[in-house]
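K.L.:
Provided herewith: start_13.cif, mmCIF, C-alpha atoms.
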```cif
data_query
loop_
_atom_site.group_PDB
_atom_site.id
_atom_site.type_symbol
_atom_site.label_atom_id
_atom_site.label_comp_id
_atom_site.auth_asym_id
_atom_site.auth_seq_id
_atom_site.Cartn_x
_atom_site.Cartn_y
_atom_site.Cartn_z
ATOM 1 C CA MET A 3 10.639 -17.398 16.580
ATOM 2 C CA ALA A 4 13.169 -17.488 13.740
ATOM 3 C CA ASP A 5 11.652 -20.710 12.438
ATOM 4 C CA SER A 6 8.194 -19.130 12.237
ATOM 5 C CA LEU A 7 9.592 -16.117 10.373
ATOM 6 C CA LEU A 8 11.527 -18.151 7.818
ATOM 7 C CA ASN A 9 9.376 -21.294 7.847
ATOM 8 C CA LEU A 10 11.658 -23.367 5.612
ATOM 9 C CA LYS A 11 9.284 -26.341 5.700
ATOM 10 C CA GLU A 12 6.662 -24.496 3.651
ATOM 11 C CA MET A 13 9.073 -24.270 0.714
ATOM 12 C CA CYS A 14 8.724 -28.024 0.213
ATOM 13 C CA THR A 15 4.973 -27.927 -0.292
ATOM 14 C CA LYS A 16 3.068 -27.880 -3.551
ATOM 15 C CA GLN A 17 0.827 -25.082 -2.222
ATOM 16 C CA PHE A 18 3.841 -22.784 -1.736
ATOM 17 C CA TRP A 19 4.960 -23.157 -5.353
ATOM 18 C CA LEU A 20 1.389 -22.744 -6.578
ATOM 19 C CA CYS A 21 1.237 -19.442 -4.692
ATOM 20 C CA VAL A 22 4.571 -18.290 -6.121
ATOM 21 C CA THR A 23 3.517 -19.198 -9.667
ATOM 22 C CA SER A 24 0.170 -17.494 -9.183
ATOM 23 C CA ASP A 25 1.929 -14.311 -8.058
ATOM 24 C CA PHE A 26 4.228 -14.401 -11.087
ATOM 25 C CA PHE A 27 1.383 -14.655 -13.577
ATOM 26 C CA GLY A 28 -0.796 -12.231 -11.613
ATOM 27 C CA CYS A 29 1.870 -9.527 -11.719
ATOM 28 C CA PHE A 30 2.672 -10.331 -15.359
ATOM 29 C CA PHE A 31 -0.924 -9.973 -16.529
ATOM 30 C CA PHE A 32 -1.610 -6.914 -14.389
ATOM 31 C CA VAL A 33 1.319 -5.000 -15.847
ATOM 32 C CA PHE A 34 0.652 -6.377 -19.348
ATOM 33 C CA ILE A 35 -2.913 -5.110 -19.461
ATOM 34 C CA ALA A 36 -2.416 -1.914 -17.444
ATOM 35 C CA ALA A 37 0.661 -0.824 -19.414
ATOM 36 C CA GLY A 38 -0.821 -2.045 -22.677
ATOM 37 C CA SER A 39 -3.850 0.166 -22.217
ATOM 38 C CA ALA A 40 -1.632 3.235 -22.442
ATOM 39 C CA ILE A 41 -0.319 2.266 -25.876
ATOM 40 C CA ARG A 42 -2.114 3.367 -29.011
ATOM 41 C CA MET A 43 -1.216 2.862 -32.633
ATOM 42 C CA ASP A 44 -2.218 6.456 -33.417
ATOM 43 C CA PRO A 45 0.205 8.877 -31.696
ATOM 44 C CA ASP A 46 -2.064 11.834 -32.506
ATOM 45 C CA ASN A 47 -4.920 10.341 -30.467
ATOM 46 C CA PRO A 48 -3.481 9.203 -27.090
ATOM 47 C CA PRO A 49 -5.689 7.333 -24.617
ATOM 48 C CA SER A 50 -7.530 9.434 -22.068
ATOM 49 C CA VAL A 51 -6.760 9.404 -18.359
ATOM 50 C CA LEU A 52 -10.175 7.862 -17.724
ATOM 51 C CA HIS A 53 -9.410 5.037 -20.163
ATOM 52 C CA MET A 54 -6.094 4.223 -18.459
ATOM 53 C CA ALA A 55 -7.552 4.534 -14.936
ATOM 54 C CA LEU A 56 -10.480 2.244 -15.706
ATOM 55 C CA SER A 57 -8.317 -0.365 -17.383
ATOM 56 C CA ALA A 58 -5.790 -0.376 -14.508
ATOM 57 C CA GLY A 59 -8.507 -0.512 -11.855
ATOM 58 C CA LEU A 60 -10.487 -3.266 -13.528
ATOM 59 C CA THR A 61 -7.320 -5.207 -14.248
ATOM 60 C CA VAL A 62 -6.032 -5.086 -10.685
ATOM 61 C CA SER A 63 -9.418 -6.091 -9.296
ATOM 62 C CA THR A 64 -9.682 -9.003 -11.726
ATOM 63 C CA VAL A 65 -6.134 -10.219 -11.075
ATOM 64 C CA VAL A 66 -6.544 -9.938 -7.304
ATOM 65 C CA MET A 67 -9.804 -11.890 -7.492
ATOM 66 C CA ALA A 68 -8.093 -14.551 -9.609
ATOM 67 C CA THR A 69 -5.068 -14.946 -7.322
ATOM 68 C CA PHE A 70 -6.638 -14.243 -3.916
ATOM 69 C CA HIS A 71 -7.509 -17.860 -3.139
ATOM 70 C CA THR A 72 -3.927 -19.029 -3.737
ATOM 71 C CA SER A 73 -1.491 -16.260 -2.830
ATOM 72 C CA GLY A 74 -3.665 -13.652 -1.189
ATOM 73 C CA GLY A 75 -3.804 -11.363 -4.218
ATOM 74 C CA LEU A 76 -0.440 -9.711 -3.589
ATOM 75 C CA VAL A 77 0.376 -8.619 -7.139
ATOM 76 C CA ASN A 78 2.320 -5.543 -6.027
ATOM 77 C CA PRO A 79 5.808 -5.816 -4.477
ATOM 78 C CA ALA A 80 4.990 -2.909 -2.138
ATOM 79 C CA LEU A 81 2.056 -4.886 -0.704
ATOM 80 C CA THR A 82 4.310 -7.887 -0.247
ATOM 81 C CA VAL A 83 6.858 -5.842 1.721
ATOM 82 C CA GLY A 84 4.048 -4.418 3.836
ATOM 83 C CA PHE A 85 2.717 -7.882 4.631
ATOM 84 C CA VAL A 86 6.220 -9.081 5.601
ATOM 85 C CA VAL A 87 6.766 -6.065 7.873
ATOM 86 C CA ALA A 88 3.339 -6.605 9.474
ATOM 87 C CA ARG A 89 4.231 -10.327 9.848
ATOM 88 C CA LYS A 90 1.154 -11.473 7.946
ATOM 89 C CA ILE A 91 3.352 -13.688 5.727
ATOM 90 C CA SER A 92 6.716 -15.306 6.445
ATOM 91 C CA ILE A 93 9.978 -13.702 5.342
ATOM 92 C CA LEU A 94 10.718 -16.623 3.012
ATOM 93 C CA ARG A 95 7.322 -16.342 1.335
ATOM 94 C CA GLY A 96 7.750 -12.567 1.076
ATOM 95 C CA VAL A 97 11.171 -12.890 -0.547
ATOM 96 C CA PHE A 98 9.842 -15.384 -3.083
ATOM 97 C CA TYR A 99 6.730 -13.308 -3.803
ATOM 98 C CA PHE A 100 8.768 -10.125 -4.211
ATOM 99 C CA SER A 101 11.260 -11.891 -6.497
ATOM 100 C CA VAL A 102 8.680 -13.426 -8.800
ATOM 101 C CA GLN A 103 6.724 -10.171 -8.999
ATOM 102 C CA VAL A 104 9.837 -8.302 -10.146
ATOM 103 C CA VAL A 105 10.791 -11.133 -12.526
ATOM 104 C CA GLY A 106 7.216 -11.112 -13.874
ATOM 105 C CA GLY A 107 7.563 -7.426 -14.727
ATOM 106 C CA ILE A 108 10.959 -8.000 -16.366
ATOM 107 C CA CYS A 109 9.615 -10.936 -18.402
ATOM 108 C CA LEU A 110 6.803 -8.683 -19.530
ATOM 109 C CA ILE A 111 9.302 -6.165 -20.910
ATOM 110 C CA PHE A 112 10.953 -8.862 -23.032
ATOM 111 C CA PHE A 113 7.567 -10.247 -24.072
ATOM 112 C CA LYS A 114 6.245 -6.843 -25.174
ATOM 113 C CA HIS A 115 9.482 -6.047 -26.987
ATOM 114 C CA THR A 116 9.334 -9.363 -28.860
ATOM 115 C CA LEU A 117 5.609 -8.990 -29.537
ATOM 116 C CA LYS A 118 6.177 -5.511 -30.927
ATOM 117 C CA LYS A 119 8.816 -6.841 -33.347
ATOM 118 C CA VAL A 120 6.597 -9.744 -34.416
ATOM 119 C CA ILE A 121 3.607 -7.476 -35.069
ATOM 120 C CA PHE A 122 5.814 -5.063 -36.998
ATOM 121 C CA LEU A 123 7.257 -7.903 -39.125
ATOM 122 C CA GLN A 124 3.782 -9.279 -39.790
ATOM 123 C CA PHE A 125 2.622 -5.822 -40.848
ATOM 124 C CA ILE A 126 5.590 -5.477 -43.243
ATOM 125 C CA PHE A 127 5.032 -9.003 -44.586
ATOM 126 C CA ILE A 128 1.309 -8.350 -45.224
ATOM 127 C CA PHE A 129 2.075 -4.956 -46.739
ATOM 128 C CA LEU A 130 4.616 -6.477 -49.151
ATOM 129 C CA LEU A 131 2.142 -9.132 -50.319
#
```
Rewrite the structure of this file - the entire thing - as structure tokens.
P.N.:
Amino acid sequence: MADSLLNLKEMCTKQFWLCVTSDFFGCFFFVFIAAGSAIRMDPDNPPSVLHMALSAGLTVSTVVMATFHTSGGLVNPALTVGFVVARKISILRGVFYFSVQVVGGICLIFFKHTLKKVIFLQFIFIFLL
């Protein structure tokens, strides 16, 4: 029973690491596009609720469709915990999925912060020319 819950043998397969990588990028792109849709350059004209809802909904459906064949489309850590509790995926797979989904969100924060600085520096550089 414990072996089926942990299933340490699956960690040595290429398919396992493909699934983990797919979950990382799926979560990264979902948060990147969904959070990015709420940002506008004009603070006087914020995006509408409909705009943000459509972009989040279309993004999650696209990312789930893209990652479903590899990892099952679990781009949300809450879904991953639910699947582990329901014993639809092993504990080991759930821990790895959960970890890479959280790390994907953290990497996104650093990426957006760096991207924001780069865009700002490019704007200043173009403005000074």
K.L.:
For each of A:Leu10, A:Val22, A:Met67, A:Cys29, take the minimum atom-to-atom distance to A:Cys109, counting only C-alpha atoms, then give the residue where this is smallest.
P.N.:
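Under the stated criterion, the closest residue is A:Cys29.
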K.L.:
Select, from A:Ile91, A:Val104, A:Leu110, A:Phe31, the residue with the minimum atom-to-atom distance to A:Val66, counting all atoms listed in the file.
P.N.:
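Closest to A:Val66 of all the choices is A:Phe31.
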K.L.:
For this structure, which residues satisfy the selection - the PyMOL selection byres ((chain A and resi 77) around 6) - when it is evaluated on the file as given? I want them as a PyMOL selection string.
P.N.:
chain A and resi 25+28-29+75-76+78
K.L.:
Calculate, to one decimal in Å, the centre and edge lengths of the box along x, y and z of the file that holds all listed atoms of stretch 83-92 of chain A with 3 Å of margin on each side, and present them as JSON.
P.N.:
```
{"center_x": 4.0, "center_y": -9.9, "center_z": 5.8, "size_x": 11.7, "size_y": 16.9, "size_z": 14.1}
```
K.L.:
Distance atom CA of A:Pro48-atom CA of A:Gly106, one decimal place?
P.N.:
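Between atom CA of A:Pro48 and atom CA of A:Gly106 the gap works out to 26.5 Å.
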K.L.:
So, counting only C-alpha atoms, which residue among A:Ile41, A:Val97, A:Ala80, A:Val33 is closest to A:Gly59?
P.N.:
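Nearest candidate to A:Gly59 out of A:Ile41, A:Val97, A:Ala80, A:Val33: A:Val33.
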K.L.:
What does the distance from atom CA of A:Ser57 to atom CA of A:Ile35 come to in Å, to one decimal?
P.N.:
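That distance, rounded to one decimal, is 7.5 Å.
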K.L.:
Distance atom CA of A:Val87-atom CA of A:Tyr99, one decimal place?
P.N.:
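Spanning atom CA of A:Val87 to atom CA of A:Tyr99 is a straight-line distance of 13.7 Å.
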K.L.:
Calculated over only C-alpha atoms, which of the candidates A:Gln103, A:His71, A:Ala40, A:Gln17 has the smallest distance to A:Ala55?
P.N.:
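Smallest distance to A:Ala55 is found for A:Ala40.
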K.L.:
Using all atoms listed in the file, find the one residue out of A:Pro79, A:Phe18, A:Gly84, A:Thr72 that sits nearest to A:Val105.
P.N.:
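Of all the options, A:Pro79 lies closest to A:Val105.
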K.L.:
Of the residues A:Thr69, A:Leu52, A:Gly96, A:Lys11, which is the one nearest to A:Ser39, using all atoms listed in the file?
P.N.:
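Using all atoms listed in the file, A:Ser39 sits closest to A:Leu52.
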K.L.:
Please complete stretch 86-105 of chain A so it has N, CA, C and O atoms, and hand it over as a CSV table (one decimal), in the frame of the given file.
P.N.:
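Result saved to part.csv:
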```
chain,number,residue,atom,x,y,z
A,86,VAL,N,5.1,-8.5,4.9
A,86,VAL,CA,6.2,-9.1,5.6
A,86,VAL,C,6.5,-8.3,6.9
A,86,VAL,O,6.7,-8.8,7.9
A,87,VAL,N,6.5,-6.9,6.7
A,87,VAL,CA,6.8,-6.1,7.9
A,87,VAL,C,5.7,-6.2,8.9
A,87,VAL,O,6.0,-6.3,10.2
A,88,ALA,N,4.4,-6.4,8.5
A,88,ALA,CA,3.3,-6.6,9.5
A,88,ALA,C,3.3,-8.0,10.0
A,88,ALA,O,2.4,-8.4,10.8
A,89,ARG,N,4.2,-8.9,9.5
A,89,ARG,CA,4.2,-10.3,9.8
A,89,ARG,C,3.0,-11.1,9.5
A,89,ARG,O,2.5,-12.0,10.2
A,90,LYS,N,2.3,-10.7,8.4
A,90,LYS,CA,1.2,-11.5,7.9
A,90,LYS,C,1.6,-12.7,7.1
A,90,LYS,O,0.8,-13.6,6.9
A,91,ILE,N,2.8,-12.6,6.5
A,91,ILE,CA,3.4,-13.7,5.7
A,91,ILE,C,4.8,-13.9,6.2
A,91,ILE,O,5.4,-12.9,6.7
A,92,SER,N,5.4,-15.0,6.0
A,92,SER,CA,6.7,-15.3,6.4
A,92,SER,C,7.7,-14.6,5.6
A,92,SER,O,7.4,-14.1,4.4
A,93,ILE,N,8.9,-14.4,6.1
A,93,ILE,CA,10.0,-13.7,5.3
A,93,ILE,C,10.3,-14.5,4.1
A,93,ILE,O,10.5,-13.9,3.0
A,94,LEU,N,10.4,-15.8,4.2
A,94,LEU,CA,10.7,-16.6,3.0
A,94,LEU,C,9.7,-16.5,1.9
A,94,LEU,O,10.0,-16.2,0.7
A,95,ARG,N,8.4,-16.5,2.3
A,95,ARG,CA,7.3,-16.3,1.3
A,95,ARG,C,7.4,-14.9,0.7
A,95,ARG,O,7.2,-14.8,-0.5
A,96,GLY,N,7.6,-13.9,1.6
A,96,GLY,CA,7.8,-12.6,1.1
A,96,GLY,C,8.9,-12.4,0.1
A,96,GLY,O,8.7,-11.7,-0.9
A,97,VAL,N,10.0,-13.0,0.4
A,97,VAL,CA,11.2,-12.9,-0.5
A,97,VAL,C,10.8,-13.5,-1.9
A,97,VAL,O,11.1,-13.0,-2.9
A,98,PHE,N,10.2,-14.7,-1.8
A,98,PHE,CA,9.8,-15.4,-3.1
A,98,PHE,C,8.8,-14.6,-3.8
A,98,PHE,O,8.9,-14.4,-5.1
A,99,TYR,N,7.8,-14.1,-3.1
A,99,TYR,CA,6.7,-13.3,-3.8
A,99,TYR,C,7.3,-12.1,-4.5
A,99,TYR,O,7.1,-11.8,-5.6
A,100,PHE,N,8.1,-11.3,-3.7
A,100,PHE,CA,8.8,-10.1,-4.2
A,100,PHE,C,9.6,-10.4,-5.4
A,100,PHE,O,9.5,-9.7,-6.5
A,101,SER,N,10.4,-11.5,-5.4
A,101,SER,CA,11.3,-11.9,-6.5
A,101,SER,C,10.5,-12.2,-7.8
A,101,SER,O,10.8,-11.7,-8.8
A,102,VAL,N,9.4,-13.0,-7.6
A,102,VAL,CA,8.7,-13.4,-8.8
A,102,VAL,C,7.8,-12.3,-9.3
A,102,VAL,O,7.6,-12.2,-10.5
A,103,GLN,N,7.4,-11.3,-8.5
A,103,GLN,CA,6.7,-10.2,-9.0
A,103,GLN,C,7.6,-9.3,-9.8
A,103,GLN,O,7.3,-8.8,-10.9
A,104,VAL,N,8.9,-9.1,-9.4
A,104,VAL,CA,9.8,-8.3,-10.1
A,104,VAL,C,10.2,-9.0,-11.4
A,104,VAL,O,10.3,-8.4,-12.5
A,105,VAL,N,10.5,-10.3,-11.3
A,105,VAL,CA,10.8,-11.1,-12.5
A,105,VAL,C,9.6,-11.1,-13.5
A,105,VAL,O,9.8,-11.1,-14.7
```
